[in-house]
file work.cif (mmCIF, C-alpha atoms)
data_target
#
loop_
_atom_site.label_atom_id
_atom_site.label_comp_id
_atom_site.auth_asym_id
_atom_site.auth_seq_id
_atom_site.Cartn_x
_atom_site.Cartn_y
_atom_site.Cartn_z
CA MET T 678 141.90 103.40 56.20
CA LYS T 679 140.44 106.15 58.40
CA GLN T 680 138.63 105.06 61.50
CA VAL T 681 135.06 106.35 61.76
CA THR T 682 133.86 107.24 65.25
CA ARG T 683 130.33 106.10 65.90
CA LEU T 684 128.30 108.26 68.24
CA PRO T 685 125.66 106.81 70.62
CA LYS T 686 122.61 105.13 69.13
CA PRO T 687 120.57 108.03 67.68
CA SER T 688 117.44 108.42 69.80
CA LEU T 689 115.03 111.26 69.11
CA ARG T 690 116.35 113.18 72.12
CA TRP T 691 119.95 112.67 71.03
CA LYS T 692 119.16 113.90 67.52
CA SER T 693 117.33 116.95 68.90
CA GLU T 694 120.24 117.87 71.16
CA LEU T 695 122.76 117.40 68.35
CA LEU T 696 120.61 119.46 65.98
CA TRP T 697 120.40 122.28 68.53
CA SER T 698 124.16 122.15 69.14
CA LEU T 699 124.90 122.30 65.41
CA SER T 700 122.50 125.22 64.98
CA THR T 701 123.87 127.30 67.84
CA HIS T 702 127.45 126.50 66.80
CA ARG T 703 126.68 127.71 63.29
CA ILE T 704 125.33 131.00 64.66
CA ASN T 705 128.36 131.53 66.90
CA ILE T 706 130.89 130.73 64.19
CA ARG T 707 129.16 132.98 61.67
CA TYR T 708 129.29 136.13 63.78
CA LYS T 709 131.90 135.85 66.53
CA GLU T 710 134.73 137.11 64.28
CA THR T 711 132.78 140.03 62.77
CA LEU T 712 132.83 143.60 64.01
CA PHE T 713 129.11 144.26 63.59
CA GLY T 714 127.86 140.70 64.10
CA PHE T 715 124.16 140.40 63.37
CA GLY T 716 124.21 143.99 62.11
CA TRP T 717 125.34 142.74 58.70
CA ILE T 718 122.13 140.74 58.35
CA PHE T 719 120.12 143.83 59.23
CA LEU T 720 122.10 146.19 56.98
CA GLN T 721 121.36 144.55 53.62
CA PRO T 722 117.53 144.70 53.70
CA VAL T 723 117.71 148.24 55.16
CA ALA T 724 119.98 149.44 52.34
CA LEU T 725 117.93 147.70 49.63
CA THR T 726 114.66 149.03 51.07
CA ILE T 727 116.01 152.59 50.80
CA ILE T 728 117.31 152.00 47.26
CA PHE T 729 114.09 150.37 46.06
CA THR T 730 111.96 153.11 47.61
CA TYR T 731 113.81 155.87 45.78
CA ILE T 732 114.39 154.08 42.48
CA PHE T 733 111.43 151.79 41.89
CA HIS T 734 108.70 153.67 43.76
CA ARG T 735 109.57 157.34 43.35
CA PHE T 736 110.94 157.15 39.83
CA ALA T 737 109.46 154.00 38.28
CA LYS T 738 106.14 154.54 40.12
CA ILE T 739 105.73 150.87 40.98
CA PRO T 740 102.40 150.46 42.83
CA SER T 741 102.28 148.89 46.27
CA GLY T 742 98.54 148.21 46.63
CA GLY T 743 97.93 150.83 49.30
CA ILE T 744 100.82 149.63 51.47
CA PRO T 745 103.55 152.21 52.25
CA TYR T 746 106.26 151.24 49.79
CA PRO T 747 109.09 150.89 52.34
CA LEU T 748 106.92 148.37 54.21
CA PHE T 749 105.98 146.69 50.93
CA ALA T 750 109.61 146.34 49.82
CA ALA T 751 110.98 145.42 53.25
CA THR T 752 108.50 142.53 53.59
CA GLY T 753 109.57 141.12 50.25
CA LEU T 754 113.25 141.59 51.06
CA VAL T 755 113.03 139.89 54.46
CA ALA T 756 111.19 136.90 52.97
CA TRP T 757 113.64 136.69 50.08
CA SER T 758 116.72 137.13 52.29
CA LEU T 759 115.62 134.22 54.47
CA THR T 760 115.42 131.98 51.40
CA ALA T 761 118.70 133.19 49.91
CA LEU T 762 120.57 132.71 53.20
CA VAL T 763 119.35 129.12 53.56
CA VAL T 764 120.24 128.22 49.97
CA THR T 765 123.69 129.83 50.21
CA HIS T 766 124.68 128.26 53.54
CA ALA T 767 123.09 124.87 52.80
CA ALA T 768 125.05 124.54 49.57
CA SER T 769 128.29 124.40 51.55
CA CYS T 770 127.10 122.70 54.75
CA LEU T 771 128.34 119.24 53.68
CA THR T 772 131.48 120.22 51.78
CA SER T 773 132.66 122.49 54.63
CA HIS T 774 132.30 119.62 57.13
CA GLN T 775 133.94 116.89 55.06
CA VAL T 776 136.68 116.20 57.64
CA ILE T 777 134.12 115.64 60.40
CA LEU T 778 131.83 113.61 58.13
CA LYS T 779 134.70 111.24 57.30
CA ARG T 780 135.61 110.71 60.94
CA VAL T 781 132.31 110.79 62.83
CA ALA T 782 129.19 108.82 61.92
CA PHE T 783 126.03 110.83 62.62
CA PRO T 784 122.85 111.65 60.66
CA LYS T 785 124.13 113.98 57.95
CA ILE T 786 120.65 115.36 57.28
CA LEU T 787 120.98 117.29 60.54
CA LEU T 788 123.43 119.64 58.80
CA PRO T 789 120.96 121.17 56.30
CA PHE T 790 118.33 121.18 59.04
CA SER T 791 120.71 123.13 61.28
CA VAL T 792 121.13 125.69 58.49
CA VAL T 793 117.38 126.33 58.45
CA ILE T 794 117.16 126.61 62.24
CA SER T 795 120.17 128.91 62.56
CA THR T 796 118.81 131.18 59.84
CA LEU T 797 115.74 131.82 62.00
CA ALA T 798 118.06 133.92 64.17
CA ASP T 799 118.76 136.02 61.08
CA LEU T 800 115.03 136.29 60.46
CA ALA T 801 114.50 137.65 63.97
CA ILE T 802 117.11 140.36 63.32
CA MET T 803 115.66 141.26 59.91
CA ALA T 804 112.17 141.43 61.41
CA LEU T 805 113.37 144.44 63.41
CA LEU T 806 113.31 146.37 60.14
CA LEU T 807 109.59 145.66 59.73
CA ILE T 808 108.90 146.52 63.37
CA GLY T 809 110.75 149.82 63.00
CA LEU T 810 108.87 150.71 59.81
CA LEU T 811 105.53 149.79 61.39
CA PHE T 812 106.35 152.17 64.23
CA CYS T 813 107.47 154.96 61.86
CA TYR T 814 104.31 154.75 59.76
CA GLY T 815 102.04 154.22 62.75
CA THR T 816 100.62 151.11 61.10
CA PRO T 817 98.87 148.79 63.56
CA LEU T 818 98.93 145.07 62.90
CA PRO T 819 95.49 143.76 61.86
CA ALA T 820 93.95 140.58 63.27
CA SER T 821 94.88 138.86 60.01
CA ALA T 822 98.56 139.05 61.07
CA VAL T 823 98.09 135.63 62.70
CA TRP T 824 98.18 134.22 59.16
CA VAL T 825 101.91 134.99 59.13
CA LEU T 826 102.46 131.83 61.18
CA PRO T 827 101.00 129.33 58.66
CA VAL T 828 102.74 131.19 55.84
CA LEU T 829 106.02 130.91 57.76
CA VAL T 830 105.44 127.17 58.30
CA ILE T 831 104.98 126.70 54.54
CA HIS T 832 108.13 128.77 54.02
CA LEU T 833 110.08 126.52 56.41
CA PHE T 834 108.86 123.37 54.62
CA PHE T 835 110.16 124.88 51.40
CA LEU T 836 113.49 125.84 52.98
CA ILE T 837 114.04 122.36 54.43
CA GLY T 838 113.59 120.87 50.96
CA LEU T 839 115.87 123.45 49.37
CA GLY T 840 118.50 122.93 52.06
CA CYS T 841 118.58 119.18 51.47
CA LEU T 842 118.65 119.49 47.68
CA PHE T 843 121.31 122.19 47.43
CA SER T 844 123.57 120.56 50.02
CA LEU T 845 123.46 117.32 48.02
CA ALA T 846 123.75 119.03 44.66
CA ASN T 847 126.95 120.81 45.65
CA VAL T 848 128.51 117.48 46.67
CA PHE T 849 127.72 115.61 43.45
CA VAL T 850 127.81 118.57 41.01
CA ARG T 851 130.37 121.14 42.11
CA ASP T 852 129.26 123.56 39.37
CA VAL T 853 126.24 124.31 41.57
CA GLY T 854 128.39 126.38 43.92
CA GLN T 855 129.72 128.41 40.99
CA ALA T 856 126.28 129.01 39.49
CA LEU T 857 124.51 129.73 42.77
CA ASN T 858 124.82 133.54 42.73
CA PHE T 859 123.49 133.73 39.18
CA LEU T 860 120.57 131.42 39.96
CA LEU T 861 119.63 133.45 43.05
CA GLN T 862 119.80 136.74 41.15
CA LEU T 863 117.57 135.36 38.41
CA TRP T 864 115.11 133.99 40.95
CA PHE T 865 115.12 137.32 42.79
CA PHE T 866 113.97 139.28 39.74
CA ILE T 867 111.23 136.81 38.77
CA SER T 868 109.83 136.94 42.32
CA PRO T 869 107.60 139.85 43.46
CA VAL T 870 110.12 141.26 45.91
CA PHE T 871 109.98 144.91 44.83
CA TYR T 872 106.86 144.76 42.64
CA PRO T 873 103.38 143.25 43.19
CA TYR T 874 102.13 140.06 41.57
CA SER T 875 99.49 142.18 39.81
CA MET T 876 102.26 143.72 37.65
CA VAL T 877 103.26 140.36 36.16
CA PRO T 878 102.19 140.24 32.48
CA GLU T 879 99.08 138.13 31.94
CA LYS T 880 100.87 135.53 29.83
CA PHE T 881 103.37 134.88 32.67
CA LYS T 882 100.92 135.01 35.57
CA GLU T 883 100.29 131.26 35.72
CA LEU T 884 104.02 130.56 35.71
CA ALA T 885 104.62 133.19 38.41
CA ARG T 886 101.80 131.72 40.51
CA TRP T 887 103.73 128.45 40.79
CA ASN T 888 106.87 130.22 41.96
CA PRO T 889 106.60 129.50 45.72
CA MET T 890 108.13 132.88 46.57
CA THR T 891 105.16 134.58 44.93
CA GLY T 892 102.62 133.02 47.27
CA LEU T 893 104.88 133.42 50.30
CA ILE T 894 105.78 137.09 49.77
CA GLU T 895 102.25 138.10 48.79
CA GLY T 896 100.93 136.04 51.70
CA TYR T 897 103.08 137.91 54.21
CA ARG T 898 102.04 141.27 52.77
CA THR T 899 98.34 140.47 52.70
CA ALA T 900 98.33 139.11 56.25
CA LEU T 901 100.38 141.95 57.72
CA PHE T 902 98.98 144.99 55.98
CA LEU T 903 95.72 144.33 54.10
CA GLY T 904 93.69 142.93 56.98
CA LYS T 905 92.66 139.70 55.28
CA PRO T 906 93.92 136.14 54.88
CA PRO T 907 96.42 135.39 52.09
CA GLU T 908 94.87 134.66 48.71
CA ALA T 909 94.32 130.92 48.35
CA ASP T 910 94.99 131.23 44.62
CA LEU T 911 98.62 132.06 45.43
CA LEU T 912 99.17 130.32 48.76
CA ILE T 913 97.92 126.86 47.75
CA PRO T 914 100.44 126.54 44.86
CA ALA T 915 103.18 127.65 47.28
CA LEU T 916 102.08 124.98 49.77
CA LEU T 917 101.96 122.23 47.14
CA VAL T 918 105.37 123.09 45.71
CA ALA T 919 106.86 123.40 49.22
CA LEU T 920 105.59 119.95 50.20
CA VAL T 921 106.88 118.39 46.98
CA ILE T 922 110.30 120.06 47.33
CA MET T 923 110.57 119.00 50.98
CA ALA T 924 109.57 115.41 50.19
CA VAL T 925 111.98 115.16 47.25
CA GLY T 926 114.77 116.79 49.25
CA VAL T 927 114.42 114.63 52.36
CA VAL T 928 113.94 111.36 50.45
CA SER T 929 116.87 112.14 48.15
CA PHE T 930 119.05 112.86 51.15
CA TRP T 931 118.14 109.60 52.85
CA ARG T 932 118.86 107.67 49.64
CA LEU T 933 122.20 109.34 48.92
CA GLU T 934 123.42 109.94 52.47
CA GLY T 935 125.52 106.79 52.45
CA THR T 936 127.50 107.86 49.37
CA VAL T 937 128.13 111.47 50.45
CA THR T 938 131.29 110.66 52.43
CA ASP T 939 132.74 108.63 49.56
CA VAL T 940 132.21 111.48 47.09
CA LEU T 941 133.66 114.05 49.46
#

call {"tool": "encode", "arguments": {"input": "work.cif", "output": "structure tokens"}}
result
Amino acid sequence: MKQVTRLPKPSLRWKSELLWSLSTHRINIRYKETLFGFGWIFLQPVALTIIFTYIFHRFAKIPSGGIPYPLFAATGLVAWSLTALVVTHAASCLTSHQVILKRVAFPKILLPFSVVISTLADLAIMALLLIGLLFCYGTPLPASAVWVLPVLVIHLFFLIGLGCLFSLANVFVRDVGQALNFLLQLWFFISPVFYPYSMVPEKFKELARWNPMTGLIEGYRTALFLGKPPEADLLIPALLVALVIMAVGVVSFWRLEGTVTDVL
């Protein structure tokens, strides 16, 4: 029988320090062996922004609501990439640490939380794309840009819930890891990443409104470029779904945390 090492009694400070250590370790491990490091995170939205601009805007004539299309597409891609990165890394955060989890007793929920925190470093790199495009187009940020912060908070609530759920799901149902790429691709195309919400057919608009990525992406665009607060009709459903997903994810993790090691 393997001996489990118990760490000091988990105070709030101890948990915070461990969470920070896990997050920074994840960042270091992810990029220290790569030639371009964080450049890979920056490259994908740049390449897709160029492709979408030439294919969907110039040829398909997809409207962008008065926003320069590269800015329009890049905003959607950065928001989507943040979500996709969290889901992808969270799905393996427990299974990839099974040796440690079997030997050291610590709050396992810190692992999906560390995924969310470490991905904020990726967000900072991807945001350089938006800053560069703002400079190129000479687009000043309006006062409404402060609304990006509450939209980002809602986004983080959603990501915490997704991180908990997908990390658990991949432990108990290993098919999740196999189906993940397909699920993300499907979700990508039903989210307004490269097209506006206004293009969604009327009969699907209500369904699209309850896709949290709709309210988040449109919220970022409205706050950054249209000089007004995000539309409540889209942001409120995103907030409600985010809170539900976070609550379900965290509660499920607390309930199942004790059986994770046995299943692994």

call {"tool": "residues_around", "arguments": {"input": "work.cif", "residues": "stretch 690-706 of chain T", "least_positions_apart": "6", "cutoff": "12 Å", "atoms": "only C-alpha atoms", "output": "ChimeraX atom specification"}}
result
/T:684,714-715,766-767,770,773-774,783-799

call {"tool": "resolve_selection", "arguments": {"input": "work.cif", "expression": "the PyMOL selection byres ((chain T and resi 930) around 10)", "output": "NGL selection string"}}
result
:T and (785-786 or 789 or 838 or 841-842 or 844-845 or 924-929 or 931-937)

call {"tool": "atom_distance", "arguments": {"input": "work.cif", "atom1": "atom CA of T:Leu810", "atom2": "atom CA of T:Tyr874"}}
result
22.2 Å

call {"tool": "residues_around", "arguments": {"input": "work.cif", "residues": "T:Pro827", "least_positions_apart": "3", "cutoff": "12 Å", "atoms": "only C-alpha atoms", "output": "list in words"}}
result
Ser821, Ala822, Val823, Trp824, Val830, Ile831, His832, Leu833, Phe834, Leu893, Gly896, Tyr897, Ala900, Pro906, Pro907, Leu912, Ile913, Ala915 and Leu916 of chain T

call {"tool": "resolve_selection", "arguments": {"input": "work.cif", "expression": "the PyMOL selection byres ((chain T and resi 730) around 12)", "output": "list of chain:residue names"}}
result
T:Pro722, T:Val723, T:Ala724, T:Leu725, T:Thr726, T:Ile727, T:Ile728, T:Phe729, T:Tyr731, T:Ile732, T:Phe733, T:His734, T:Arg735, T:Phe736, T:Ala737, T:Lys738, T:Ile739, T:Pro740, T:Ser741, T:Pro745, T:Tyr746, T:Pro747, T:Leu748, T:Phe749, T:Ala750, T:Ala751, T:Phe871, T:Tyr872

call {"tool": "atom_distance", "arguments": {"input": "work.cif", "atom1": "atom CA of T:Leu917", "atom2": "atom CA of T:Val850"}}
result
26.8 Å

call {"tool": "closest_residue", "arguments": {"input": "work.cif", "among": "T:Thr760, T:Gly742, T:Val781, T:Asp910", "to": "T:Pro873", "atoms": "only C-alpha atoms"}}
result
T:Gly742

call {"tool": "residues_around", "arguments": {"input": "work.cif", "residues": "T:Trp887", "least_positions_apart": "6", "cutoff": "9 Å", "atoms": "all atoms listed in the file", "output": "PyMOL selection string"}}
result
chain T and resi 911+914-915+918

call {"tool": "closest_residue", "arguments": {"input": "work.cif", "among": "T:Leu754, T:Met876, T:Ile744, T:Val764", "to": "T:Ile837", "atoms": "only C-alpha atoms"}}
result
T:Val764

call {"tool": "atom_distance", "arguments": {"input": "work.cif", "atom1": "atom CA of T:Arg886", "atom2": "atom CA of T:Glu908"}}
result
11.1 Å

call {"tool": "closest_residue", "arguments": {"input": "work.cif", "among": "T:Thr899, T:Val921, T:Phe843, T:Leu771", "to": "T:Leu857", "atoms": "all atoms listed in the file"}}
result
T:Phe843

call {"tool": "axis_aligned_box", "arguments": {"input": "work.cif", "around": "stretch 775-786 of chain T", "padding_each_side": "6 Å", "output": "AutoDock Vina command-line options"}}
result
--center_x 128.7 --center_y 112.9 --center_z 58.9 --size_x 28.0 --size_y 20.1 --size_z 19.8

call {"tool": "residues_around", "arguments": {"input": "work.cif", "residues": "T:Thr891", "least_positions_apart": "6", "cutoff": "7 Å", "atoms": "only C-alpha atoms", "output": "JSON, numbers by chain"}}
result
{"T": [868, 869, 885]}

call {"tool": "resolve_selection", "arguments": {"input": "work.cif", "expression": "the PyMOL selection byres ((chain T and resi 808) around 12)", "output": "ChimeraX atom specification"}}
result
/T:747-748,751-752,755,801-807,809-818,901

call {"tool": "closest_residue", "arguments": {"input": "work.cif", "among": "T:Val763, T:Val877, T:Ala909, T:Ile777", "to": "T:Gly840", "atoms": "only C-alpha atoms"}}
result
T:Val763

call {"tool": "closest_residue", "arguments": {"input": "work.cif", "among": "T:Leu920, T:Ala768, T:Ile894, T:Leu759", "to": "T:Val870", "atoms": "only C-alpha atoms"}}
result
T:Ile894

call {"tool": "residues_around", "arguments": {"input": "work.cif", "residues": "T:Thr772", "least_positions_apart": "6", "cutoff": "10 Å", "atoms": "only C-alpha atoms", "output": "PyMOL selection string"}}
result
chain T and resi 778+844-845+847-848+851+937-938+940-941
